[in-house]
Every structure is written in C-alpha cells, then in structure tokens.
Amino acid sequence: LKTINDRFGHEEGDFAIRSAAEILKRSFGDEIVGRIGGDEFAIITYGSRVNITEKVRLMKECALKHKGSLINEVNLSVGIAFRAENSELSPEGLFQTADKFMYEDKSAYYRLKGNDRRHR
C-alpha cells in the first residue's frame, strides 16, 4: 500500500483497500471479514485446510487479475492459523500465529519480486 500511496496518491491507495475488501468478501462470502487497520484484514471462517487453502488460492488469483485506473494488480499476503491445529492458543494467540505467517508470505513476495522493503 505504501508504494501505491507514494507513487499514485492516497486516492488510489484507498481504491486498493476497497478492492481488497471486495475481493475478500467475494472469496469468502458470508464469513466475517474485517479491516483491522491500514491495509490489513482478518477473516474468521471455518472449514477444512483444503477448503480454506483453495479459497485463498482463488482469492489471490482474483487479486492479481484486478485492474484499477492506475494499478494493474493487487497482491494479497495471507497468513492462516487453524484452531484444530492450535487448540492450546487463545484467540489472540491464534491471530498472532496467522499474522506471523502473513509476514512470511509478504517477505516471500518481495524476495520473488527482488524488492526487499527493508533495504530501500
């Protein structure tokens, strides 16, 4: 989001946030989708690992095809934590686990693009 805001302005950044929300709602339907701050969203959903992983794959595919007036794609970094695999964690711990995986996904994206955000 920072790159979009810096390059194209906050109006296009706001468009990217709205677009991400629309993509999430389309991908997860009636599940609980909420913006938790900045460009981060959380989804509370249920289902098997296979089912949720497929929804995430389709969501990311949809995002990469998204076209705006100035941007050609929206990349979504995702972290997933399953209650069944982390039954000892509190809801906050489950969220922190998903957040850790999201940052790993984000780092992998920037390594793939050759753009390490920490070294500008």
# chains A, B, ... in the order shown; residues from 1 in each chain; ligands from 1
>>> residues_around(residues="Phe95 (chain A)", least_positions_apart="5", cutoff="9 Å", atoms="only C-alpha atoms", output="PDB file with all heavy atoms, in the first residue's frame")
ATOM      1  N   ALA A  42      -8.738  -9.210   8.531  1.00  0.00           N
ATOM      2  CA  ALA A  42      -8.828 -10.524   9.170  1.00  0.00           C
ATOM      3  C   ALA A  42     -10.122 -11.179   8.707  1.00  0.00           C
ATOM      4  O   ALA A  42     -11.133 -10.504   8.501  1.00  0.00           O
ATOM      5  CB  ALA A  42      -8.824 -10.394  10.687  1.00  0.00           C
ATOM      6  N   ILE A  80      -2.526 -17.994   7.671  1.00  0.00           N
ATOM      7  CA  ILE A  80      -3.660 -18.795   8.138  1.00  0.00           C
ATOM      8  C   ILE A  80      -3.245 -19.526   9.407  1.00  0.00           C
ATOM      9  O   ILE A  80      -2.147 -20.076   9.488  1.00  0.00           O
ATOM     10  CB  ILE A  80      -4.068 -19.843   7.080  1.00  0.00           C
ATOM     11  CG1 ILE A  80      -4.391 -19.174   5.748  1.00  0.00           C
ATOM     12  CG2 ILE A  80      -5.246 -20.674   7.571  1.00  0.00           C
ATOM     13  CD1 ILE A  80      -4.567 -20.170   4.602  1.00  0.00           C
ATOM     14  N   ALA A  81      -4.137 -19.543  10.378  1.00  0.00           N
ATOM     15  CA  ALA A  81      -3.949 -20.344  11.586  1.00  0.00           C
ATOM     16  C   ALA A  81      -5.253 -21.103  11.834  1.00  0.00           C
ATOM     17  O   ALA A  81      -6.328 -20.502  11.844  1.00  0.00           O
ATOM     18  CB  ALA A  81      -3.592 -19.468  12.769  1.00  0.00           C
ATOM     19  N   SER A  90      -4.978 -19.091  22.684  1.00  0.00           N
ATOM     20  CA  SER A  90      -6.113 -18.196  22.882  1.00  0.00           C
ATOM     21  C   SER A  90      -6.478 -17.601  21.523  1.00  0.00           C
ATOM     22  O   SER A  90      -5.693 -17.699  20.567  1.00  0.00           O
ATOM     23  CB  SER A  90      -5.719 -17.068  23.840  1.00  0.00           C
ATOM     24  OG  SER A  90      -4.732 -16.233  23.220  1.00  0.00           O
ATOM     25  N   LYS A 100       2.017 -13.904  11.911  1.00  0.00           N
ATOM     26  CA  LYS A 100       3.396 -14.331  11.627  1.00  0.00           C
ATOM     27  C   LYS A 100       3.482 -14.955  10.232  1.00  0.00           C
ATOM     28  O   LYS A 100       4.379 -14.631   9.450  1.00  0.00           O
ATOM     29  CB  LYS A 100       3.858 -15.328  12.695  1.00  0.00           C
ATOM     30  CG  LYS A 100       5.271 -15.854  12.472  1.00  0.00           C
ATOM     31  CD  LYS A 100       5.615 -16.923  13.473  1.00  0.00           C
ATOM     32  CE  LYS A 100       5.198 -18.206  12.880  1.00  0.00           C
ATOM     33  NZ  LYS A 100       5.773 -19.422  13.110  1.00  0.00           N
TER      34      LYS A 100
END
>>> select_by_dssp(residues="chain A", states="strand (DSSP E or B)", output="PDB file with N, CA and C atoms, in the first residue's frame")
ATOM      1  N   ILE A  32     -16.925 -13.760   8.295  1.00  0.00           N
ATOM      2  CA  ILE A  32     -16.633 -12.480   8.938  1.00  0.00           C
ATOM      3  C   ILE A  32     -15.337 -11.934   8.363  1.00  0.00           C
ATOM      4  N   VAL A  33     -15.432 -10.801   7.670  1.00  0.00           N
ATOM      5  CA  VAL A  33     -14.280 -10.129   7.075  1.00  0.00           C
ATOM      6  C   VAL A  33     -14.234  -8.729   7.660  1.00  0.00           C
ATOM      7  N   GLY A  34     -13.099  -8.348   8.224  1.00  0.00           N
ATOM      8  CA  GLY A  34     -12.990  -7.014   8.792  1.00  0.00           C
ATOM      9  C   GLY A  34     -11.616  -6.416   8.570  1.00  0.00           C
ATOM     10  N   ARG A  35     -11.592  -5.132   8.379  1.00  0.00           N
ATOM     11  CA  ARG A  35     -10.322  -4.407   8.265  1.00  0.00           C
ATOM     12  C   ARG A  35      -9.839  -4.134   9.675  1.00  0.00           C
ATOM     13  N   ILE A  36      -8.616  -4.532   9.967  1.00  0.00           N
ATOM     14  CA  ILE A  36      -8.106  -4.363  11.325  1.00  0.00           C
ATOM     15  C   ILE A  36      -7.151  -3.189  11.436  1.00  0.00           C
ATOM     16  N   GLY A  37      -6.855  -2.544  10.328  1.00  0.00           N
ATOM     17  CA  GLY A  37      -6.012  -1.357  10.341  1.00  0.00           C
ATOM     18  C   GLY A  37      -5.173  -1.279   9.091  1.00  0.00           C
ATOM     19  N   GLU A  40      -4.490  -4.086   6.423  1.00  0.00           N
ATOM     20  CA  GLU A  40      -4.618  -5.447   6.951  1.00  0.00           C
ATOM     21  C   GLU A  40      -6.070  -5.773   7.263  1.00  0.00           C
ATOM     22  N   PHE A  41      -6.441  -7.002   6.892  1.00  0.00           N
ATOM     23  CA  PHE A  41      -7.785  -7.517   7.115  1.00  0.00           C
ATOM     24  C   PHE A  41      -7.676  -8.837   7.854  1.00  0.00           C
ATOM     25  N   ALA A  42      -8.738  -9.210   8.531  1.00  0.00           N
ATOM     26  CA  ALA A  42      -8.828 -10.524   9.170  1.00  0.00           C
ATOM     27  C   ALA A  42     -10.122 -11.179   8.707  1.00  0.00           C
ATOM     28  N   ILE A  43     -10.065 -12.490   8.549  1.00  0.00           N
ATOM     29  CA  ILE A  43     -11.235 -13.270   8.177  1.00  0.00           C
ATOM     30  C   ILE A  43     -11.402 -14.365   9.215  1.00  0.00           C
ATOM     31  N   ILE A  44     -12.581 -14.474   9.762  1.00  0.00           N
ATOM     32  CA  ILE A  44     -12.898 -15.583  10.648  1.00  0.00           C
ATOM     33  C   ILE A  44     -13.788 -16.514   9.840  1.00  0.00           C
TER      34      ILE A  44
END
>>> residues_around(residues="Glu92 (chain A)", least_positions_apart="6", cutoff="12 Å", atoms="only C-alpha atoms", output="JSON list (two decimals) with all heavy atoms, in the first residue's frame")
[["chain", "number", "residue", "atom", "x", "y", "z"],
["A", 81, "ALA", "N", -4.14, -19.54, 10.38],
["A", 81, "ALA", "CA", -3.95, -20.34, 11.59],
["A", 81, "ALA", "C", -5.25, -21.10, 11.83],
["A", 81, "ALA", "O", -6.33, -20.50, 11.84],
["A", 81, "ALA", "CB", -3.59, -19.47, 12.77],
["A", 83, "ARG", "N", -7.67, -23.39, 14.20],
["A", 83, "ARG", "CA", -7.98, -23.71, 15.59],
["A", 83, "ARG", "C", -7.67, -25.18, 15.87],
["A", 83, "ARG", "O", -7.09, -25.51, 16.90],
["A", 83, "ARG", "CB", -9.44, -23.38, 15.89],
["A", 83, "ARG", "CG", -10.01, -23.95, 17.18],
["A", 83, "ARG", "CD", -9.27, -23.59, 18.44],
["A", 83, "ARG", "NE", -9.51, -22.22, 18.82],
["A", 83, "ARG", "CZ", -8.71, -21.57, 19.65],
["A", 83, "ARG", "NH1", -7.65, -22.14, 20.17],
["A", 83, "ARG", "NH2", -8.95, -20.32, 19.96],
["A", 86, "ASN", "N", -4.11, -25.66, 16.56],
["A", 86, "ASN", "CA", -3.55, -24.79, 17.58],
["A", 86, "ASN", "C", -4.53, -24.65, 18.75],
["A", 86, "ASN", "O", -4.78, -23.55, 19.24],
["A", 86, "ASN", "CB", -3.27, -23.40, 16.99],
["A", 86, "ASN", "CG", -2.26, -23.44, 15.87],
["A", 86, "ASN", "OD1", -1.07, -23.53, 16.11],
["A", 86, "ASN", "ND2", -2.75, -23.42, 14.64],
["A", 98, "ALA", "N", -1.38, -16.44, 12.81],
["A", 98, "ALA", "CA", -1.76, -16.10, 11.43],
["A", 98, "ALA", "C", -0.97, -14.88, 10.96],
["A", 98, "ALA", "O", -0.50, -14.84, 9.81],
["A", 98, "ALA", "CB", -3.26, -15.84, 11.33],
["A", 99, "ASP", "N", -0.79, -13.90, 11.84],
["A", 99, "ASP", "CA", -0.04, -12.69, 11.50],
["A", 99, "ASP", "C", 1.41, -13.01, 11.15],
["A", 99, "ASP", "O", 1.96, -12.48, 10.19],
["A", 99, "ASP", "CB", -0.12, -11.71, 12.68],
["A", 99, "ASP", "CG", 0.17, -10.29, 12.28],
["A", 99, "ASP", "OD1", -0.38, -9.82, 11.26],
["A", 99, "ASP", "OD2", 0.95, -9.62, 13.00]]
>>> atom_distance(atom1="CA of Ala21 (chain A)", atom2="CA of Leu1 (chain A)")
13.5 Å
>>> residues_around(residues="Lys55 (chain A)", least_positions_apart="5", cutoff="10 Å", atoms="only C-alpha atoms", output="PDB file with all heavy atoms, in the first residue's frame")
ATOM      1  N   LEU A  24     -11.989 -10.033  -0.905  1.00  0.00           N
ATOM      2  CA  LEU A  24     -12.135 -10.908   0.263  1.00  0.00           C
ATOM      3  C   LEU A  24     -13.588 -11.337   0.450  1.00  0.00           C
ATOM      4  O   LEU A  24     -13.871 -12.512   0.696  1.00  0.00           O
ATOM      5  CB  LEU A  24     -11.635 -10.208   1.529  1.00  0.00           C
ATOM      6  CG  LEU A  24     -10.154  -9.866   1.578  1.00  0.00           C
ATOM      7  CD1 LEU A  24      -9.834  -9.087   2.848  1.00  0.00           C
ATOM      8  CD2 LEU A  24      -9.292 -11.096   1.473  1.00  0.00           C
ATOM      9  N   ARG A  26     -15.962 -11.444  -1.821  1.00  0.00           N
ATOM     10  CA  ARG A  26     -16.345 -12.346  -2.919  1.00  0.00           C
ATOM     11  C   ARG A  26     -15.795 -13.745  -2.676  1.00  0.00           C
ATOM     12  O   ARG A  26     -16.455 -14.738  -2.958  1.00  0.00           O
ATOM     13  CB  ARG A  26     -15.802 -11.825  -4.247  1.00  0.00           C
ATOM     14  CG  ARG A  26     -16.858 -11.234  -5.123  1.00  0.00           C
ATOM     15  CD  ARG A  26     -16.296 -10.950  -6.483  1.00  0.00           C
ATOM     16  NE  ARG A  26     -14.996 -10.307  -6.304  1.00  0.00           N
ATOM     17  CZ  ARG A  26     -14.471  -9.392  -7.079  1.00  0.00           C
ATOM     18  NH1 ARG A  26     -15.089  -9.022  -8.141  1.00  0.00           N
ATOM     19  NH2 ARG A  26     -13.319  -8.838  -6.833  1.00  0.00           N
ATOM     20  N   SER A  27     -14.575 -13.824  -2.176  1.00  0.00           N
ATOM     21  CA  SER A  27     -13.923 -15.118  -1.988  1.00  0.00           C
ATOM     22  C   SER A  27     -14.471 -15.885  -0.794  1.00  0.00           C
ATOM     23  O   SER A  27     -14.538 -17.106  -0.819  1.00  0.00           O
ATOM     24  CB  SER A  27     -12.415 -14.913  -1.802  1.00  0.00           C
ATOM     25  OG  SER A  27     -11.868 -14.282  -2.924  1.00  0.00           O
ATOM     26  N   PHE A  28     -14.841 -15.163   0.256  1.00  0.00           N
ATOM     27  CA  PHE A  28     -15.258 -15.828   1.494  1.00  0.00           C
ATOM     28  C   PHE A  28     -16.737 -15.666   1.807  1.00  0.00           C
ATOM     29  O   PHE A  28     -17.214 -16.155   2.821  1.00  0.00           O
ATOM     30  CB  PHE A  28     -14.398 -15.343   2.664  1.00  0.00           C
ATOM     31  CG  PHE A  28     -13.035 -15.964   2.652  1.00  0.00           C
ATOM     32  CD1 PHE A  28     -12.001 -15.385   1.935  1.00  0.00           C
ATOM     33  CD2 PHE A  28     -12.790 -17.145   3.325  1.00  0.00           C
ATOM     34  CE1 PHE A  28     -10.747 -15.975   1.904  1.00  0.00           C
ATOM     35  CE2 PHE A  28     -11.541 -17.738   3.287  1.00  0.00           C
ATOM     36  CZ  PHE A  28     -10.520 -17.154   2.577  1.00  0.00           C
ATOM     37  N   ARG A  49      -8.640 -27.544   5.995  1.00  0.00           N
ATOM     38  CA  ARG A  49      -7.435 -26.905   5.464  1.00  0.00           C
ATOM     39  C   ARG A  49      -7.510 -26.843   3.939  1.00  0.00           C
ATOM     40  O   ARG A  49      -7.199 -25.815   3.342  1.00  0.00           O
ATOM     41  CB  ARG A  49      -6.184 -27.662   5.908  1.00  0.00           C
ATOM     42  CG  ARG A  49      -4.906 -27.117   5.298  1.00  0.00           C
ATOM     43  CD  ARG A  49      -3.675 -27.857   5.790  1.00  0.00           C
ATOM     44  NE  ARG A  49      -3.232 -27.389   7.072  1.00  0.00           N
ATOM     45  CZ  ARG A  49      -2.561 -26.250   7.280  1.00  0.00           C
ATOM     46  NH1 ARG A  49      -2.304 -25.461   6.260  1.00  0.00           N
ATOM     47  NH2 ARG A  49      -2.167 -25.896   8.473  1.00  0.00           N
ATOM     48  N   VAL A  50      -7.943 -27.921   3.313  1.00  0.00           N
ATOM     49  CA  VAL A  50      -8.028 -27.969   1.855  1.00  0.00           C
ATOM     50  C   VAL A  50      -9.014 -26.914   1.345  1.00  0.00           C
ATOM     51  O   VAL A  50      -8.720 -26.167   0.419  1.00  0.00           O
ATOM     52  CB  VAL A  50      -8.437 -29.385   1.375  1.00  0.00           C
ATOM     53  CG1 VAL A  50      -8.753 -29.400  -0.105  1.00  0.00           C
ATOM     54  CG2 VAL A  50      -7.340 -30.385   1.701  1.00  0.00           C
ATOM     55  N   LYS A  60      -6.266 -14.950  -4.154  1.00  0.00           N
ATOM     56  CA  LYS A  60      -5.015 -14.353  -4.639  1.00  0.00           C
ATOM     57  C   LYS A  60      -5.012 -14.253  -6.165  1.00  0.00           C
ATOM     58  O   LYS A  60      -4.555 -13.263  -6.727  1.00  0.00           O
ATOM     59  CB  LYS A  60      -3.805 -15.160  -4.147  1.00  0.00           C
ATOM     60  CG  LYS A  60      -3.507 -14.943  -2.688  1.00  0.00           C
ATOM     61  CD  LYS A  60      -2.248 -15.698  -2.297  1.00  0.00           C
ATOM     62  CE  LYS A  60      -1.483 -14.903  -1.296  1.00  0.00           C
ATOM     63  NZ  LYS A  60      -0.103 -15.316  -1.163  1.00  0.00           N
ATOM     64  N   GLU A  61      -5.532 -15.264  -6.823  1.00  0.00           N
ATOM     65  CA  GLU A  61      -5.625 -15.254  -8.284  1.00  0.00           C
ATOM     66  C   GLU A  61      -6.515 -14.102  -8.755  1.00  0.00           C
ATOM     67  O   GLU A  61      -6.176 -13.374  -9.683  1.00  0.00           O
ATOM     68  CB  GLU A  61      -6.185 -16.596  -8.750  1.00  0.00           C
ATOM     69  CG  GLU A  61      -6.191 -16.810 -10.225  1.00  0.00           C
ATOM     70  CD  GLU A  61      -6.716 -18.202 -10.551  1.00  0.00           C
ATOM     71  OE1 GLU A  61      -5.969 -19.169 -10.314  1.00  0.00           O
ATOM     72  OE2 GLU A  61      -7.872 -18.303 -11.024  1.00  0.00           O
TER      73      GLU A  61
END
>>> closest_residue(among="A:Cys62, A:Gly114, A:Glu31, A:Glu12", to="Asn75 (chain A)", atoms="only C-alpha atoms")
A:Cys62
>>> closest_residue(among="A:Leu76, A:Gly29, A:Gly13, A:Asp105", to="Met59 (chain A)", atoms="only C-alpha atoms")
A:Leu76
>>> select_by_dssp(residues="chain A", states="alpha helix (DSSP H)", output="PyMOL selection string")
chain A and resi 2-8+10-28+49-65+91-113
>>> atom_distance(atom1="CA of Ser19 (chain A)", atom2="CA of Gly38 (chain A)")
13.7 Å
>>> closest_residue(among="A:Phe82, A:Phe8, A:Tyr103, A:Phe15", to="Gly47 (chain A)", atoms="only C-alpha atoms")
A:Phe82
>>> atom_distance(atom1="CA of Asp14 (chain A)", atom2="CA of Asp39 (chain A)")
9.3 Å
>>> closest_residue(among="A:Glu54, A:Glu104, A:Glu88, A:Glu22", to="His66 (chain A)", atoms="only C-alpha atoms")
A:Glu22
>>> decode(residues="region 55-83 of chain A", atoms="N, CA and C atoms", output="PDB file, in the first residue's frame")
ATOM      1  N   LYS A  55      -9.815 -21.509  -1.186  1.00  0.00           N
ATOM      2  CA  LYS A  55     -10.411 -20.171  -1.200  1.00  0.00           C
ATOM      3  C   LYS A  55      -9.322 -19.100  -1.262  1.00  0.00           C
ATOM      4  N   VAL A  56      -8.257 -19.307  -0.502  1.00  0.00           N
ATOM      5  CA  VAL A  56      -7.147 -18.340  -0.500  1.00  0.00           C
ATOM      6  C   VAL A  56      -6.471 -18.311  -1.866  1.00  0.00           C
ATOM      7  N   ARG A  57      -6.260 -19.470  -2.456  1.00  0.00           N
ATOM      8  CA  ARG A  57      -5.635 -19.526  -3.789  1.00  0.00           C
ATOM      9  C   ARG A  57      -6.474 -18.758  -4.809  1.00  0.00           C
ATOM     10  N   LEU A  58      -7.769 -19.002  -4.808  1.00  0.00           N
ATOM     11  CA  LEU A  58      -8.660 -18.312  -5.746  1.00  0.00           C
ATOM     12  C   LEU A  58      -8.703 -16.809  -5.462  1.00  0.00           C
ATOM     13  N   MET A  59      -8.667 -16.433  -4.185  1.00  0.00           N
ATOM     14  CA  MET A  59      -8.674 -15.023  -3.802  1.00  0.00           C
ATOM     15  C   MET A  59      -7.423 -14.322  -4.335  1.00  0.00           C
ATOM     16  N   LYS A  60      -6.266 -14.950  -4.154  1.00  0.00           N
ATOM     17  CA  LYS A  60      -5.015 -14.353  -4.639  1.00  0.00           C
ATOM     18  C   LYS A  60      -5.012 -14.253  -6.165  1.00  0.00           C
ATOM     19  N   GLU A  61      -5.532 -15.264  -6.823  1.00  0.00           N
ATOM     20  CA  GLU A  61      -5.625 -15.254  -8.284  1.00  0.00           C
ATOM     21  C   GLU A  61      -6.515 -14.102  -8.755  1.00  0.00           C
ATOM     22  N   CYS A  62      -7.634 -13.931  -8.110  1.00  0.00           N
ATOM     23  CA  CYS A  62      -8.563 -12.843  -8.438  1.00  0.00           C
ATOM     24  C   CYS A  62      -7.883 -11.484  -8.217  1.00  0.00           C
ATOM     25  N   ALA A  63      -7.150 -11.362  -7.127  1.00  0.00           N
ATOM     26  CA  ALA A  63      -6.473 -10.098  -6.817  1.00  0.00           C
ATOM     27  C   ALA A  63      -5.443  -9.743  -7.885  1.00  0.00           C
ATOM     28  N   LEU A  64      -4.685 -10.719  -8.334  1.00  0.00           N
ATOM     29  CA  LEU A  64      -3.653 -10.447  -9.329  1.00  0.00           C
ATOM     30  C   LEU A  64      -4.240 -10.030 -10.674  1.00  0.00           C
ATOM     31  N   LYS A  65      -5.478 -10.392 -10.939  1.00  0.00           N
ATOM     32  CA  LYS A  65      -6.141 -10.008 -12.185  1.00  0.00           C
ATOM     33  C   LYS A  65      -6.850  -8.662 -12.073  1.00  0.00           C
ATOM     34  N   HIS A  66      -6.915  -8.118 -10.863  1.00  0.00           N
ATOM     35  CA  HIS A  66      -7.659  -6.885 -10.623  1.00  0.00           C
ATOM     36  C   HIS A  66      -6.973  -5.709 -11.318  1.00  0.00           C
ATOM     37  N   LYS A  67      -7.756  -4.899 -11.964  1.00  0.00           N
ATOM     38  CA  LYS A  67      -7.230  -3.721 -12.665  1.00  0.00           C
ATOM     39  C   LYS A  67      -7.905  -2.472 -12.108  1.00  0.00           C
ATOM     40  N   GLY A  68      -7.103  -1.486 -11.810  1.00  0.00           N
ATOM     41  CA  GLY A  68      -7.610  -0.182 -11.411  1.00  0.00           C
ATOM     42  C   GLY A  68      -7.276   0.820 -12.497  1.00  0.00           C
ATOM     43  N   SER A  69      -7.535   2.073 -12.238  1.00  0.00           N
ATOM     44  CA  SER A  69      -7.218   3.088 -13.241  1.00  0.00           C
ATOM     45  C   SER A  69      -5.707   3.300 -13.340  1.00  0.00           C
ATOM     46  N   LEU A  70      -4.991   3.077 -12.248  1.00  0.00           N
ATOM     47  CA  LEU A  70      -3.539   3.296 -12.255  1.00  0.00           C
ATOM     48  C   LEU A  70      -2.736   2.073 -11.850  1.00  0.00           C
ATOM     49  N   ILE A  71      -3.369   1.111 -11.213  1.00  0.00           N
ATOM     50  CA  ILE A  71      -2.644  -0.082 -10.781  1.00  0.00           C
ATOM     51  C   ILE A  71      -3.113  -1.280 -11.591  1.00  0.00           C
ATOM     52  N   ASN A  72      -2.212  -2.224 -11.793  1.00  0.00           N
ATOM     53  CA  ASN A  72      -2.514  -3.378 -12.632  1.00  0.00           C
ATOM     54  C   ASN A  72      -2.779  -4.655 -11.859  1.00  0.00           C
ATOM     55  N   GLU A  73      -2.519  -4.644 -10.569  1.00  0.00           N
ATOM     56  CA  GLU A  73      -2.792  -5.832  -9.767  1.00  0.00           C
ATOM     57  C   GLU A  73      -2.811  -5.444  -8.300  1.00  0.00           C
ATOM     58  N   VAL A  74      -3.474  -6.275  -7.526  1.00  0.00           N
ATOM     59  CA  VAL A  74      -3.472  -6.141  -6.074  1.00  0.00           C
ATOM     60  C   VAL A  74      -2.897  -7.442  -5.542  1.00  0.00           C
ATOM     61  N   ASN A  75      -1.796  -7.380  -4.825  1.00  0.00           N
ATOM     62  CA  ASN A  75      -1.228  -8.578  -4.223  1.00  0.00           C
ATOM     63  C   ASN A  75      -1.720  -8.671  -2.789  1.00  0.00           C
ATOM     64  N   LEU A  76      -2.134  -9.853  -2.392  1.00  0.00           N
ATOM     65  CA  LEU A  76      -2.599 -10.082  -1.029  1.00  0.00           C
ATOM     66  C   LEU A  76      -1.675 -11.082  -0.348  1.00  0.00           C
ATOM     67  N   SER A  77      -1.055 -10.685   0.741  1.00  0.00           N
ATOM     68  CA  SER A  77      -0.255 -11.601   1.545  1.00  0.00           C
ATOM     69  C   SER A  77      -1.179 -12.199   2.595  1.00  0.00           C
ATOM     70  N   VAL A  78      -1.064 -13.507   2.811  1.00  0.00           N
ATOM     71  CA  VAL A  78      -2.022 -14.220   3.650  1.00  0.00           C
ATOM     72  C   VAL A  78      -1.308 -15.074   4.682  1.00  0.00           C
ATOM     73  N   GLY A  79      -1.859 -15.079   5.875  1.00  0.00           N
ATOM     74  CA  GLY A  79      -1.428 -15.990   6.933  1.00  0.00           C
ATOM     75  C   GLY A  79      -2.648 -16.700   7.475  1.00  0.00           C
ATOM     76  N   ILE A  80      -2.526 -17.994   7.671  1.00  0.00           N
ATOM     77  CA  ILE A  80      -3.660 -18.795   8.138  1.00  0.00           C
ATOM     78  C   ILE A  80      -3.245 -19.526   9.407  1.00  0.00           C
ATOM     79  N   ALA A  81      -4.137 -19.543  10.378  1.00  0.00           N
ATOM     80  CA  ALA A  81      -3.949 -20.344  11.586  1.00  0.00           C
ATOM     81  C   ALA A  81      -5.253 -21.103  11.834  1.00  0.00           C
ATOM     82  N   PHE A  82      -5.147 -22.404  12.017  1.00  0.00           N
ATOM     83  CA  PHE A  82      -6.312 -23.250  12.212  1.00  0.00           C
ATOM     84  C   PHE A  82      -6.474 -23.591  13.687  1.00  0.00           C
ATOM     85  N   ARG A  83      -7.672 -23.394  14.195  1.00  0.00           N
ATOM     86  CA  ARG A  83      -7.977 -23.711  15.591  1.00  0.00           C
ATOM     87  C   ARG A  83      -7.671 -25.184  15.873  1.00  0.00           C
TER      88      ARG A  83
END
